[in-house]
$ cat query_12.cif   # mmCIF, C-alpha atoms and all ligand atoms
data_run
#
loop_
_atom_site.label_atom_id
_atom_site.label_comp_id
_atom_site.auth_asym_id
_atom_site.auth_seq_id
_atom_site.Cartn_x
_atom_site.Cartn_y
_atom_site.Cartn_z
CA MET I 122 -27.79 -71.33 96.29
CA GLY I 123 -30.05 -69.51 93.98
CA LYS I 124 -30.74 -70.62 90.45
CA GLY I 125 -33.44 -73.20 90.90
CA ALA I 126 -33.88 -76.93 90.66
CA LYS I 127 -32.56 -77.16 87.15
CA ALA I 128 -29.45 -75.25 88.06
CA LEU I 129 -28.98 -77.49 91.08
CA ALA I 130 -29.06 -80.58 88.90
CA GLU I 131 -26.56 -78.98 86.57
CA GLY I 132 -24.41 -78.14 89.57
CA HIS I 133 -24.41 -81.81 90.50
CA GLU I 134 -23.07 -82.80 87.13
CA LYS I 135 -20.53 -80.02 86.91
CA SER I 136 -19.23 -80.66 90.37
CA ALA I 137 -18.14 -84.15 89.34
CA ALA I 138 -15.09 -82.47 87.83
CA ASN I 139 -12.41 -82.29 90.48
CA PRO I 140 -10.55 -78.99 90.39
CA ILE I 141 -7.31 -80.48 91.76
CA ASP I 142 -4.37 -79.39 89.64
CA SER I 143 -0.66 -80.11 89.84
CA LEU I 144 0.03 -77.72 92.72
CA PRO I 145 0.97 -80.35 95.35
CA LEU I 146 3.60 -81.76 92.98
CA ALA I 147 5.07 -78.34 92.41
CA ASN I 148 5.24 -77.81 96.18
CA THR I 149 7.11 -81.08 96.63
CA ALA I 150 9.71 -80.10 94.06
CA ILE I 151 10.26 -76.72 95.66
CA SER I 152 10.48 -78.12 99.16
CA CYS I 153 13.04 -80.73 98.07
CA ALA I 154 15.23 -77.99 96.66
CA ILE I 155 14.86 -75.94 99.86
CA MET I 156 15.69 -79.00 101.98
CA LYS I 157 18.96 -79.31 100.07
CA ILE I 158 19.79 -75.65 100.63
CA ALA I 159 18.84 -75.98 104.30
CA GLN I 160 21.04 -79.01 104.73
CA SER I 161 23.92 -77.18 103.13
CA LEU I 162 23.41 -74.31 105.57
CA PHE I 163 23.17 -76.68 108.58
CA ILE I 164 19.62 -75.45 109.27
CA THR I 165 17.27 -78.04 110.70
CA PRO I 166 15.51 -79.07 107.53
CA PHE I 167 12.35 -80.12 109.34
CA LEU I 168 11.60 -76.65 110.67
CA LEU I 169 12.17 -74.96 107.36
CA ALA I 170 10.26 -77.58 105.41
CA SER I 171 7.32 -77.54 107.80
CA HIS I 172 7.15 -73.80 107.49
CA LEU I 173 7.02 -74.10 103.74
CA HIS I 174 4.33 -76.71 103.99
CA ALA I 175 2.16 -74.42 106.11
CA GLY I 176 -1.16 -74.32 104.40
CA ILE I 177 -4.75 -75.30 104.76
CA GLY I 178 -6.75 -78.42 104.09
CA THR I 179 -9.95 -80.17 105.06
CA GLU I 180 -10.90 -83.22 107.08
CA LEU I 181 -14.21 -84.99 106.85
CA LEU I 182 -16.10 -84.31 110.08
CA TYR I 183 -19.35 -86.09 109.34
CA LYS I 184 -20.75 -87.91 106.35
CA GLY I 185 -24.29 -88.63 105.34
CA LEU I 186 -26.48 -85.74 106.43
CA GLU I 187 -29.53 -85.06 104.30
CA ARG I 188 -28.95 -81.77 102.45
CA PRO I 189 -27.09 -79.86 105.19
CA VAL I 190 -27.48 -76.11 104.65
CA TRP I 191 -26.13 -74.53 107.82
CA ALA I 192 -23.61 -75.17 110.63
CA GLY I 193 -22.66 -73.20 113.73
CA ALA I 194 -22.50 -73.14 117.50
CA PRO I 195 -23.28 -70.83 120.39
CA VAL I 196 -20.09 -69.23 121.73
CA SER I 197 -20.67 -70.91 125.11
CA GLU I 198 -20.70 -74.45 123.71
CA LYS I 199 -17.19 -75.60 122.89
CA GLY I 200 -16.49 -78.92 121.20
CA LYS I 201 -19.83 -79.12 119.40
CA LEU I 202 -21.21 -78.18 116.02
CA TRP I 203 -24.91 -77.76 115.26
CA VAL I 204 -25.82 -78.78 111.72
CA MET I 205 -29.10 -78.17 109.92
CA GLU I 206 -30.78 -80.38 107.37
CA GLN I 207 -32.90 -78.48 104.87
CA ALA I 208 -35.99 -80.60 105.48
CA GLY I 209 -36.23 -79.23 109.02
CA SER I 210 -33.94 -81.08 111.45
CA ILE I 211 -30.97 -79.92 113.51
CA TRP I 212 -28.35 -82.25 115.00
CA ILE I 213 -25.35 -81.75 117.25
CA ILE I 214 -22.02 -83.23 116.21
CA ASP I 215 -19.35 -83.89 118.82
CA LEU I 216 -16.17 -82.36 117.38
CA LYS I 217 -13.89 -84.81 119.18
CA THR I 218 -15.60 -88.08 118.31
CA GLY I 219 -17.32 -86.95 115.10
CA LYS I 220 -20.54 -88.55 116.37
CA LYS I 221 -24.00 -87.13 115.77
CA SER I 222 -26.44 -86.70 118.65
CA ALA I 223 -28.85 -89.61 119.02
CA LYS I 224 -31.78 -87.19 119.34
CA PRO I 225 -32.28 -84.14 117.13
CA PHE I 226 -31.74 -80.72 118.70
CA LEU I 227 -34.90 -79.73 116.83
CA LYS I 228 -37.06 -81.60 114.34
CA ILE I 229 -40.01 -79.79 112.75
CA GLU I 230 -40.10 -81.42 109.33
CA ASP I 231 -43.91 -81.60 109.52
CA LYS I 232 -44.07 -77.77 109.71
CA VAL I 233 -41.48 -77.06 107.00
CA THR I 234 -41.89 -77.27 103.25
CA ARG I 235 -38.97 -78.55 101.23
CA GLU I 236 -40.84 -79.14 98.03
CA LYS I 237 -38.55 -77.00 95.90
CA ASN I 238 -34.82 -76.66 95.76
CA GLU I 239 -34.49 -73.46 97.78
CA GLN I 240 -37.26 -74.10 100.28
CA GLY I 241 -36.82 -75.52 103.74
CA MET I 242 -35.23 -74.73 107.04
CA LEU I 243 -32.51 -72.29 106.09
CA GLY I 244 -30.94 -70.56 109.07
CA LEU I 245 -30.44 -70.46 112.83
CA ALA I 246 -29.35 -67.76 115.29
CA PHE I 247 -28.44 -68.53 118.89
CA ALA I 248 -29.36 -65.77 121.33
CA PRO I 249 -26.22 -64.13 122.76
CA ASP I 250 -27.35 -65.44 126.19
CA PHE I 251 -28.21 -68.93 124.90
CA GLU I 252 -26.25 -70.54 127.75
CA LYS I 253 -28.62 -68.92 130.23
CA SER I 254 -31.87 -68.63 128.25
CA GLY I 255 -31.74 -71.57 125.81
CA ARG I 256 -33.27 -69.23 123.22
CA TYR I 257 -32.62 -69.51 119.52
CA TYR I 258 -34.29 -68.43 116.25
CA ILE I 259 -35.06 -70.38 113.10
CA ASN I 260 -35.83 -69.17 109.58
CA TYR I 261 -37.91 -71.56 107.49
CA ASN I 262 -40.50 -71.87 104.73
CA GLU I 263 -43.74 -73.10 106.22
CA LYS I 264 -46.22 -75.29 104.36
CA GLY I 265 -47.31 -73.20 101.39
CA GLY I 266 -43.90 -71.53 101.16
CA ASP I 267 -44.15 -68.33 103.23
CA THR I 268 -41.27 -67.49 105.55
CA ARG I 269 -41.49 -67.77 109.31
CA ILE I 270 -39.01 -66.58 111.92
CA VAL I 271 -39.65 -68.65 115.03
CA ARG I 272 -38.15 -68.48 118.51
CA PHE I 273 -37.54 -71.73 120.34
CA VAL I 274 -36.26 -72.44 123.83
CA SER I 275 -34.10 -75.48 124.48
CA GLU I 276 -34.52 -76.33 128.14
CA ASP I 277 -31.56 -78.72 128.31
CA ARG I 278 -29.53 -77.11 125.47
CA GLN I 279 -29.57 -80.46 123.67
CA THR I 280 -33.14 -80.98 122.52
CA THR I 281 -36.23 -78.85 121.90
CA ASP I 282 -39.95 -79.41 122.21
CA PRO I 283 -41.00 -78.99 118.54
CA ASP I 284 -44.33 -77.48 119.55
CA SER I 285 -42.82 -74.79 121.77
CA GLY I 286 -41.97 -72.31 119.00
CA GLU I 287 -43.22 -68.72 119.06
CA THR I 288 -43.58 -67.08 115.65
CA ILE I 289 -41.80 -63.73 115.78
CA LEU I 290 -42.31 -62.65 112.19
CA LYS I 291 -43.97 -63.98 109.05
CA TYR I 292 -43.85 -62.70 105.50
CA LYS I 293 -45.21 -63.85 102.16
CA GLN I 294 -43.11 -65.56 99.53
CA PRO I 295 -44.52 -64.88 96.05
CA PHE I 296 -42.24 -67.49 94.43
CA TRP I 297 -40.47 -70.62 95.65
CA ASN I 298 -36.93 -69.30 95.13
CA HIS I 299 -34.80 -66.52 96.71
CA ASN I 300 -35.87 -67.05 100.31
CA GLY I 301 -32.66 -65.74 101.82
CA GLY I 302 -32.67 -67.58 105.12
CA TRP I 303 -29.70 -66.27 107.08
CA LEU I 304 -30.21 -64.69 110.50
CA ASP I 305 -27.87 -63.92 113.39
CA PHE I 306 -27.22 -61.49 116.20
CA GLY I 307 -25.00 -58.48 115.57
CA PRO I 308 -22.44 -57.08 118.00
CA ASP I 309 -25.21 -54.64 119.03
CA GLY I 310 -27.36 -57.52 120.35
CA MET I 311 -29.98 -57.06 117.63
CA LEU I 312 -31.31 -59.91 115.47
CA TYR I 313 -30.54 -59.41 111.77
CA ILE I 314 -32.47 -61.32 109.09
CA ALA I 315 -31.45 -61.42 105.42
CA THR I 316 -34.43 -61.90 103.11
CA GLY I 317 -34.32 -62.68 99.40
CA ASP I 318 -36.24 -60.66 96.82
CA GLY I 319 -39.04 -63.25 96.87
CA GLY I 320 -38.00 -65.02 93.69
CA SER I 321 -38.67 -65.58 90.00
CA GLY I 322 -35.99 -63.76 87.93
CA ASN I 323 -35.03 -60.08 87.83
CA ASP I 324 -37.29 -59.31 90.80
CA PRO I 325 -40.48 -58.82 88.71
CA LYS I 326 -42.36 -57.09 91.53
CA GLY I 327 -39.50 -54.76 92.38
CA ASN I 328 -39.48 -55.95 95.99
CA ALA I 329 -35.84 -55.26 96.77
CA GLN I 330 -36.16 -51.50 96.09
CA ASN I 331 -39.61 -51.28 97.71
CA LEU I 332 -39.42 -50.17 101.34
CA SER I 333 -42.94 -51.45 102.07
CA SER I 334 -41.88 -55.06 101.39
CA HIS I 335 -39.97 -57.38 103.70
CA LEU I 336 -38.29 -58.91 100.67
CA GLY I 337 -34.80 -58.11 99.39
CA LYS I 338 -33.89 -56.62 102.78
CA LEU I 339 -31.75 -56.85 105.83
CA LEU I 340 -34.13 -56.62 108.80
CA ARG I 341 -33.09 -55.61 112.32
CA LEU I 342 -35.19 -56.57 115.36
CA ASP I 343 -34.87 -56.26 119.11
CA VAL I 344 -35.91 -59.68 120.44
CA SER I 345 -34.63 -59.24 123.98
CA GLY I 346 -38.14 -58.99 125.45
CA LYS I 347 -40.23 -61.85 126.77
CA LYS I 348 -42.45 -62.01 123.69
CA GLY I 349 -42.36 -60.96 120.06
CA TYR I 350 -39.99 -58.21 119.03
CA LYS I 351 -39.55 -54.46 119.23
CA ILE I 352 -38.30 -52.04 116.61
CA PRO I 353 -34.89 -50.75 117.68
CA LYS I 354 -35.18 -46.97 118.16
CA ASP I 355 -32.28 -46.28 115.81
CA ASN I 356 -33.57 -48.34 112.85
CA ALA I 357 -33.03 -46.43 109.62
CA PHE I 358 -36.63 -46.09 108.44
CA THR I 359 -38.45 -45.69 111.74
CA GLY I 360 -41.15 -43.06 111.23
CA LYS I 361 -40.69 -42.88 107.46
CA LYS I 362 -44.09 -43.03 105.76
CA GLY I 363 -44.67 -46.19 103.75
CA ALA I 364 -41.48 -47.86 104.94
CA LEU I 365 -41.38 -50.94 107.18
CA PRO I 366 -39.60 -49.97 110.38
CA GLU I 367 -37.96 -53.44 110.55
CA ILE I 368 -35.74 -52.57 107.57
CA HIS I 369 -32.06 -51.95 108.21
CA ALA I 370 -30.84 -52.09 104.60
CA TYR I 371 -32.30 -52.93 101.19
CA GLY I 372 -31.54 -53.81 97.57
CA LEU I 373 -30.55 -57.46 98.12
CA ARG I 374 -31.35 -60.25 95.68
CA ASN I 375 -30.74 -63.53 97.47
CA PRO I 376 -28.28 -63.08 100.32
CA TRP I 377 -26.99 -66.60 100.76
CA ARG I 378 -24.90 -66.53 103.87
CA CYS I 379 -23.85 -63.45 105.75
CA SER I 380 -21.60 -63.14 108.80
CA PHE I 381 -20.49 -60.76 111.48
CA ASP I 382 -16.73 -60.78 112.01
CA ARG I 383 -16.46 -61.88 115.65
CA ALA I 384 -13.30 -59.83 116.14
CA THR I 385 -14.25 -56.53 114.49
CA GLY I 386 -18.06 -56.62 114.25
CA ASP I 387 -17.85 -55.90 110.52
CA PHE I 388 -20.57 -57.45 108.37
CA TRP I 389 -20.23 -59.50 105.19
CA ILE I 390 -22.90 -60.56 102.67
CA GLY I 391 -22.68 -63.00 99.78
CA ASP I 392 -25.49 -61.89 97.46
CA VAL I 393 -26.36 -64.31 94.66
CA GLY I 394 -26.54 -62.63 91.25
CA GLN I 395 -28.88 -63.01 88.29
CA ASN I 396 -27.34 -63.98 84.96
CA ALA I 397 -23.98 -62.27 84.86
CA TRP I 398 -22.31 -61.47 88.20
CA GLU I 399 -21.91 -62.65 91.80
CA GLU I 400 -21.02 -60.27 94.60
CA ILE I 401 -19.68 -59.86 98.12
CA ASN I 402 -20.74 -56.86 100.20
CA PHE I 403 -18.99 -55.45 103.24
CA VAL I 404 -20.32 -53.11 105.94
CA GLU I 405 -18.04 -51.72 108.59
CA LYS I 406 -19.16 -52.05 112.21
CA GLY I 407 -21.15 -49.08 113.42
CA GLU I 408 -22.19 -47.86 109.99
CA VAL I 409 -25.71 -46.48 110.22
CA GLY I 410 -28.47 -48.36 108.41
CA GLY I 411 -30.39 -47.32 105.33
CA MET I 412 -27.85 -48.49 102.80
CA ASN I 413 -29.03 -49.70 99.39
CA PHE I 414 -27.18 -52.68 97.97
CA GLY I 415 -28.55 -51.88 94.54
CA TRP I 416 -30.61 -54.84 93.31
CA ARG I 417 -32.56 -54.90 91.00
CA LEU I 418 -31.14 -51.78 89.43
CA ARG I 419 -27.61 -53.12 89.80
CA GLU I 420 -26.19 -56.58 89.32
CA ALA I 421 -22.86 -56.39 91.15
CA ASP I 422 -21.41 -53.01 90.09
CA VAL I 423 -23.12 -52.63 86.70
CA GLU I 424 -26.63 -51.83 85.51
CA THR I 425 -28.60 -55.09 85.48
CA PRO I 426 -28.28 -56.12 81.82
CA LYS I 427 -31.96 -56.97 81.27
CA LYS I 428 -33.94 -54.22 79.56
CA LYS I 429 -36.21 -52.11 81.76
CA VAL I 430 -34.68 -53.65 84.88
CA GLY I 431 -31.25 -52.06 85.25
CA GLY I 432 -30.61 -48.47 86.16
CA LYS I 433 -28.17 -45.86 87.42
CA ARG I 434 -26.62 -46.12 90.86
CA PRO I 435 -29.30 -45.15 93.35
CA LYS I 436 -28.72 -42.73 96.21
CA ASP I 437 -27.08 -44.40 99.22
CA ASN I 438 -25.91 -47.27 97.00
CA VAL I 439 -23.23 -49.48 98.48
CA GLU I 440 -21.09 -51.09 95.81
CA PRO I 441 -19.88 -54.64 96.41
CA VAL I 442 -16.29 -55.08 97.61
CA TYR I 443 -15.77 -58.10 95.40
CA VAL I 444 -17.48 -59.33 92.24
CA TYR I 445 -16.95 -62.25 89.90
CA LYS I 446 -18.34 -63.21 86.55
CA HIS I 447 -20.49 -66.18 85.70
CA GLY I 448 -18.50 -69.00 84.18
CA SER I 449 -16.50 -72.10 85.00
CA GLY I 450 -13.04 -70.54 85.22
CA SER I 451 -10.94 -70.53 88.37
CA ARG I 452 -12.16 -67.04 89.34
CA GLU I 453 -15.71 -67.55 88.10
CA GLY I 454 -18.86 -69.30 89.24
CA LEU I 455 -22.65 -69.25 89.23
CA SER I 456 -23.90 -68.81 92.77
CA VAL I 457 -21.97 -67.30 95.64
CA THR I 458 -21.90 -68.78 99.14
CA GLY I 459 -20.77 -66.11 101.60
CA GLY I 460 -18.43 -67.18 104.40
CA PHE I 461 -16.54 -65.88 107.41
CA VAL I 462 -13.47 -63.96 108.40
CA TYR I 463 -11.41 -66.67 110.06
CA ARG I 464 -10.82 -65.88 113.75
CA GLY I 465 -9.88 -69.34 114.99
CA SER I 466 -6.42 -70.21 116.28
CA LYS I 467 -5.51 -73.44 114.49
CA VAL I 468 -5.17 -72.41 110.85
CA ALA I 469 -2.40 -69.80 110.66
CA ASP I 470 -2.70 -69.24 106.92
CA LEU I 471 -6.34 -68.21 107.15
CA LYS I 472 -6.04 -65.72 110.01
CA GLY I 473 -7.98 -62.55 109.32
CA ARG I 474 -8.97 -63.70 105.82
CA TYR I 475 -12.56 -63.71 104.54
CA ILE I 476 -13.22 -67.14 103.04
CA PHE I 477 -16.12 -67.69 100.65
CA ALA I 478 -17.12 -70.03 97.85
CA ASP I 479 -19.05 -70.61 94.70
CA TYR I 480 -21.77 -73.21 95.23
CA GLN I 481 -21.87 -74.53 91.71
CA ASN I 482 -18.44 -74.10 90.08
CA PRO I 483 -17.34 -75.19 92.85
CA ARG I 484 -14.51 -72.94 94.11
CA ILE I 485 -13.30 -71.75 97.50
CA TRP I 486 -11.45 -68.44 97.77
CA SER I 487 -10.32 -65.90 100.32
CA VAL I 488 -9.51 -62.19 100.40
CA VAL I 489 -8.18 -59.73 102.95
CA GLU I 490 -10.12 -56.56 103.76
CA LYS I 491 -8.47 -53.30 104.70
CA GLY I 492 -10.19 -49.93 104.83
CA GLY I 493 -13.28 -51.31 103.13
CA LYS I 494 -11.32 -52.68 100.16
CA VAL I 495 -10.31 -56.27 99.54
CA SER I 496 -7.04 -57.58 98.15
CA ASP I 497 -4.77 -60.64 98.09
CA PHE I 498 -7.33 -62.87 96.36
CA THR I 499 -6.32 -66.50 96.92
CA ASP I 500 -7.80 -69.64 95.37
CA HIS I 501 -7.95 -72.46 97.93
CA SER I 502 -9.96 -74.85 95.75
CA SER I 503 -7.13 -77.35 95.27
CA GLU I 504 -5.64 -77.36 98.75
CA LEU I 505 -9.05 -77.72 100.39
CA GLN I 506 -9.95 -80.93 98.57
CA PRO I 507 -10.24 -83.79 101.04
CA LYS I 508 -8.18 -86.99 100.73
CA ARG I 509 -11.14 -88.78 99.22
CA GLY I 510 -13.66 -87.30 96.84
CA SER I 511 -14.09 -83.60 96.25
CA ILE I 512 -16.06 -80.83 97.88
CA ASN I 513 -19.02 -79.84 95.79
CA LEU I 514 -22.32 -78.01 96.26
CA ILE I 515 -20.91 -75.78 99.02
CA SER I 516 -24.11 -74.81 100.79
CA SER I 517 -22.57 -72.99 103.74
CA PHE I 518 -19.61 -72.25 105.97
CA GLY I 519 -20.03 -72.62 109.72
CA GLU I 520 -18.14 -71.31 112.74
CA ASP I 521 -17.75 -73.20 116.04
CA ALA I 522 -17.37 -71.67 119.52
CA ASP I 523 -13.60 -71.31 119.02
CA GLY I 524 -13.97 -69.67 115.62
CA GLU I 525 -12.81 -72.73 113.69
CA LEU I 526 -14.53 -73.12 110.33
CA TYR I 527 -16.50 -75.88 108.64
CA ILE I 528 -17.96 -76.41 105.18
CA THR I 529 -21.31 -78.08 104.54
CA SER I 530 -21.93 -79.72 101.20
CA LEU I 531 -25.52 -80.15 100.07
CA SER I 532 -24.59 -83.66 98.96
CA GLY I 533 -24.17 -84.68 102.62
CA PRO I 534 -20.72 -84.26 104.16
CA VAL I 535 -19.48 -81.65 106.63
CA TYR I 536 -15.77 -80.77 106.45
CA ARG I 537 -13.50 -79.12 108.98
CA ILE I 538 -10.91 -76.63 107.70
CA VAL I 539 -7.54 -77.52 109.21
CA ALA I 540 -3.88 -76.50 109.01
CA LYS I 541 -1.74 -78.67 106.80
CA CA G 601 -39.33 -66.96 97.58
CA CA G 602 -25.58 -55.29 95.01
#

$ encode --input "query_12.cif" --output "structure tokens" --more "lines below"
Ligand SMILES: [Ca+2]
Ligand SMILES: [Ca+2]
Amino acid sequence: MGKGAKALAEGHEKSAANPIDSLPLANTAISCAIMKIAQSLFITPFLLASHLHAGIGTELLYKGLERPVWAGAPVSEKGKLWVMEQAGSIWIIDLKTGKKSAKPFLKIEDKVTREKNEQGMLGLAFAPDFEKSGRYYINYNEKGGDTRIVRFVSEDRQTTDPDSGETILKYKQPFWNHNGGWLDFGPDGMLYIATGDGGSGNDPKGNAQNLSSHLGKLLRLDVSGKKGYKIPKDNAFTGKKGALPEIHAYGLRNPWRCSFDRATGDFWIGDVGQNAWEEINFVEKGEVGGMNFGWRLREADVETPKKKVGGKRPKDNVEPVYVYKHGSGSREGLSVTGGFVYRGSKVADLKGRYIFADYQNPRIWSVVEKGGKVSDFTDHSSELQPKRGSINLISSFGEDADGELYITSLSGPVYRIVAK
């Protein structure tokens, strides 16, 4: 999500086009031929055919949320999915019955602004010990638009007193767009927060390269204490004059959905581009902080095309592992939505693959990472279309306690990714 209200409206129109092509027909023809061969070889046709039909698809989990932007679950809570509505409410969906909780898990719509397209409640992180502590963290735009990171405690793990929040961190938002919004705990137990560059276009204030600004950064906080947060001793810029010690990495534009791989601890970022490119960044587990993802000097792996904005690769620059051009082709798009490496057990074809999407085209793809490089690009856009309608405005992917994946569409539905 990242190009503003106008772009969102355009996305609505564009997404009416269903990207389903003739692939299912082609599969049927092939499988019929294989069935014949199998029969002639006295092989049980069912087994062979079912193997050939292995694939992925989606099922509608819940319909009718108001602008869902996030989904997820604490690892201790199986069979449930938390979903977030941008206006400032969180609900729990029972994965067996598909029913939504009668009461919200949290509802703070009176504290959140959702005046503009990219403003609202944008992210949630459950504390690693949520089962015991009930603690979790929310990223939202408060009235007026500035960002707040607030800690809540859910006493019964099902609801929250809306007035019980403790503000951990607050930073100014000079413009309504590019608020980032993602936050989660890393394998090191630290809270990571991805902030956007603050907004407008081409980062006019140069926030992302400015180490004295919270904007355009990946922040890293130790929130394990009773109150507030501490700076982890090994943060990259601790003690550096003029640099905020909260900063772990910099040079981000509008990171819209990041994830830690629950199996490896590797880190993935979908960073929304300006006018030409979208990008995916990858950081191996254990890599020390201080890396520069390049914005606004770099858009993906080139100099930002706008005059007096772009520049040479800075020191410590980390190039994206995957980039794609703006456009409406099958490998193109307008606004990346970062996803997850699939670590569930039910969808064999997705195992170990990083799945991500374009919010506006809309497309859903996956790649495989090895040694910091990605390969085996696969377009899942057709096979992931549900029986009825089409998935558009892909606002987020979500992971449940078992590592199964879900897709939220800003137009309301939540889909489950399943084996076909
Ligand atoms: Ca902003
Ligand atoms: Ca970059």

$ atom_distance --input "query_12.cif" --atom1 "CA of Lys291 in chain I" --atom2 "CA of Tyr261 in chain I"
9.8 Å

$ closest_residue --input "query_12.cif" --among "I:Ala208, I:Leu339, I:Ala329, I:Ala248" --to "Asp231 in chain I" --atoms "all atoms listed in the file"
I:Ala208

$ residues_near_ligand --input "query_12.cif" --ligand "ligand CA 601 (chain G)" --cutoff "10 Å" --atoms "all atoms listed in the file" --output "list in words"
Glu239, Gln240, Asn262, Gly266, Asp267, Thr268, Lys293, Gln294, Pro295, Phe296, Trp297, Asn298, His299, Asn300, Gly301, Thr316, Gly317, Asp318, Gly319, Gly320, Ser321, Leu336 and Asn375 of chain I

$ closest_residue --input "query_12.cif" --among "I:Gly454, I:Pro534, I:Gly465, I:Gly391" --to "ligand CA 602 (chain G)" --atoms "all atoms listed in the file"
I:Gly391

$ residues_around --input "query_12.cif" --residues "range 434-438 of chain I" --least-positions-apart "5" --cutoff "8 Å" --atoms "all atoms listed in the file" --output "list in words"
Gly411, Met412, Asn413, Phe414, Gly415, Leu418, Arg419 and Glu424 of chain I

$ write_last_selection --input "query_12.cif" --atoms "C-alpha atoms" --output "PDB file, keeping the file's coordinate frame"
ATOM      1  CA  GLY I 411     -30.390 -47.320 105.330  1.00  0.00           C
ATOM      2  CA  MET I 412     -27.850 -48.490 102.800  1.00  0.00           C
ATOM      3  CA  ASN I 413     -29.030 -49.700  99.390  1.00  0.00           C
ATOM      4  CA  PHE I 414     -27.180 -52.680  97.970  1.00  0.00           C
ATOM      5  CA  GLY I 415     -28.550 -51.880  94.540  1.00  0.00           C
ATOM      6  CA  LEU I 418     -31.140 -51.780  89.430  1.00  0.00           C
ATOM      7  CA  ARG I 419     -27.610 -53.120  89.800  1.00  0.00           C
ATOM      8  CA  GLU I 424     -26.630 -51.830  85.510  1.00  0.00           C
TER       9      GLU I 424
END

$ residues_near_ligand --input "query_12.cif" --ligand "ligand CA 602 (chain G)" --cutoff "9 Å" --atoms "all atoms listed in the file" --output "list of chain:residue names"
I:Gly372, I:Leu373, I:Arg374, I:Asp392, I:Gly394, I:Glu399, I:Glu400, I:Ile401, I:Asn402, I:Asn413, I:Phe414, I:Gly415, I:Trp416, I:Arg417, I:Leu418, I:Arg419, I:Glu420, I:Ala421, I:Asp422, I:Asn438, I:Val439, I:Glu440, I:Pro441

$ residues_around --input "query_12.cif" --residues "Lys446 in chain I" --least-positions-apart "3" --cutoff "12 Å" --atoms "all atoms listed in the file" --output "PyMOL selection string"
chain I and resi 393-400+420-423+443+449-457+479+482

$ closest_residue --input "query_12.cif" --among "I:Thr425, I:Ser532, I:Asn260, I:Gln481" --to "Gly510 in chain I" --atoms "all atoms listed in the file"
I:Ser532

$ residues_around --input "query_12.cif" --residues "range 347-362 of chain I" --least-positions-apart "6" --cutoff "7 Å" --atoms "all atoms listed in the file" --output "JSON, numbers by chain"
{"I": [289, 368, 369, 410, 411]}

$ closest_atom_pairs --input "query_12.cif" --of "range 302-370 of chain I" --to "range 270-288 of chain I" --cutoff "12 Å" --atoms "all atoms listed in the file" --output "CSV"
residue,atom,partner,partner_atom,distance
I:Gly302,CA,I:Ile270,CA,9.4
I:Trp303,CA,I:Ile270,CA,10.5
I:Leu304,CA,I:Ile270,CA,9.1
I:Asp305,CA,I:Ile270,CA,11.5
I:Leu312,CA,I:Ile270,CA,10.8
I:Tyr313,CA,I:Ile270,CA,11.1
I:Ile314,CA,I:Ile270,CA,8.9
I:Ala315,CA,I:Ile270,CA,11.2
I:Thr316,CA,I:Ile270,CA,11.0
I:Leu340,CA,I:Ile270,CA,11.5
I:Leu342,CA,I:Ile270,CA,11.3
I:Val344,CA,I:Arg272,CA,9.3
I:Ser345,CA,I:Arg272,CA,11.3
I:Gly346,CA,I:Arg272,CA,11.8
I:Lys347,CA,I:Glu287,CA,10.8
I:Lys348,CA,I:Glu287,CA,8.2
I:Gly349,CA,I:Thr288,CA,7.6
I:Tyr350,CA,I:Thr288,CA,10.1

$ atom_distance --input "query_12.cif" --atom1 "CA of Gly244 in chain I" --atom2 "CA of Glu263 in chain I"
13.4 Å

$ atom_distance --input "query_12.cif" --atom1 "CA of Ile390 in chain I" --atom2 "CA of Trp377 in chain I"
7.5 Å

$ residues_near_point --input "query_12.cif" --point "(-7.5, -75.7, 116.9)" --cutoff "8 Å" --atoms "all atoms listed in the file" --output "list in words"
Gly465, Ser466, Lys467, Val468, Asp523, Glu525 and Val539 of chain I

$ residues_near_point --input "query_12.cif" --point "(-46.7, -48.6, 100.6)" --cutoff "12 Å" --atoms "only C-alpha atoms" --output "PyMOL selection string"
chain I and resi 328+330-335+361-365

$ closest_residue --input "query_12.cif" --among "I:Thr234, I:Glu405, I:Gly519, I:Arg269" --to "Pro308 in chain I" --atoms "all atoms listed in the file"
I:Glu405

$ residues_around --input "query_12.cif" --residues "Pro195 in chain I" --least-positions-apart "5" --cutoff "10 Å" --atoms "all atoms listed in the file" --output "list in words"
Lys201, Leu202, Trp203, Ala246, Phe247, Ala248, Pro249, Asp250, Phe251, Glu252, Tyr257, Glu520, Asp521, Ala522 and Asp523 of chain I

$ write_last_selection --input "query_12.cif" --atoms "C-alpha atoms" --output "PDB file, keeping the file's coordinate frame"
ATOM      1  CA  LYS I 201     -19.830 -79.120 119.400  1.00  0.00           C
ATOM      2  CA  LEU I 202     -21.210 -78.180 116.020  1.00  0.00           C
ATOM      3  CA  TRP I 203     -24.910 -77.760 115.260  1.00  0.00           C
ATOM      4  CA  ALA I 246     -29.350 -67.760 115.290  1.00  0.00           C
ATOM      5  CA  PHE I 247     -28.440 -68.530 118.890  1.00  0.00           C
ATOM      6  CA  ALA I 248     -29.360 -65.770 121.330  1.00  0.00           C
ATOM      7  CA  PRO I 249     -26.220 -64.130 122.760  1.00  0.00           C
ATOM      8  CA  ASP I 250     -27.350 -65.440 126.190  1.00  0.00           C
ATOM      9  CA  PHE I 251     -28.210 -68.930 124.900  1.00  0.00           C
ATOM     10  CA  GLU I 252     -26.250 -70.540 127.750  1.00  0.00           C
ATOM     11  CA  TYR I 257     -32.620 -69.510 119.520  1.00  0.00           C
ATOM     12  CA  GLU I 520     -18.140 -71.310 112.740  1.00  0.00           C
ATOM     13  CA  ASP I 521     -17.750 -73.200 116.040  1.00  0.00           C
ATOM     14  CA  ALA I 522     -17.370 -71.670 119.520  1.00  0.00           C
ATOM     15  CA  ASP I 523     -13.600 -71.310 119.020  1.00  0.00           C
TER      16      ASP I 523
END
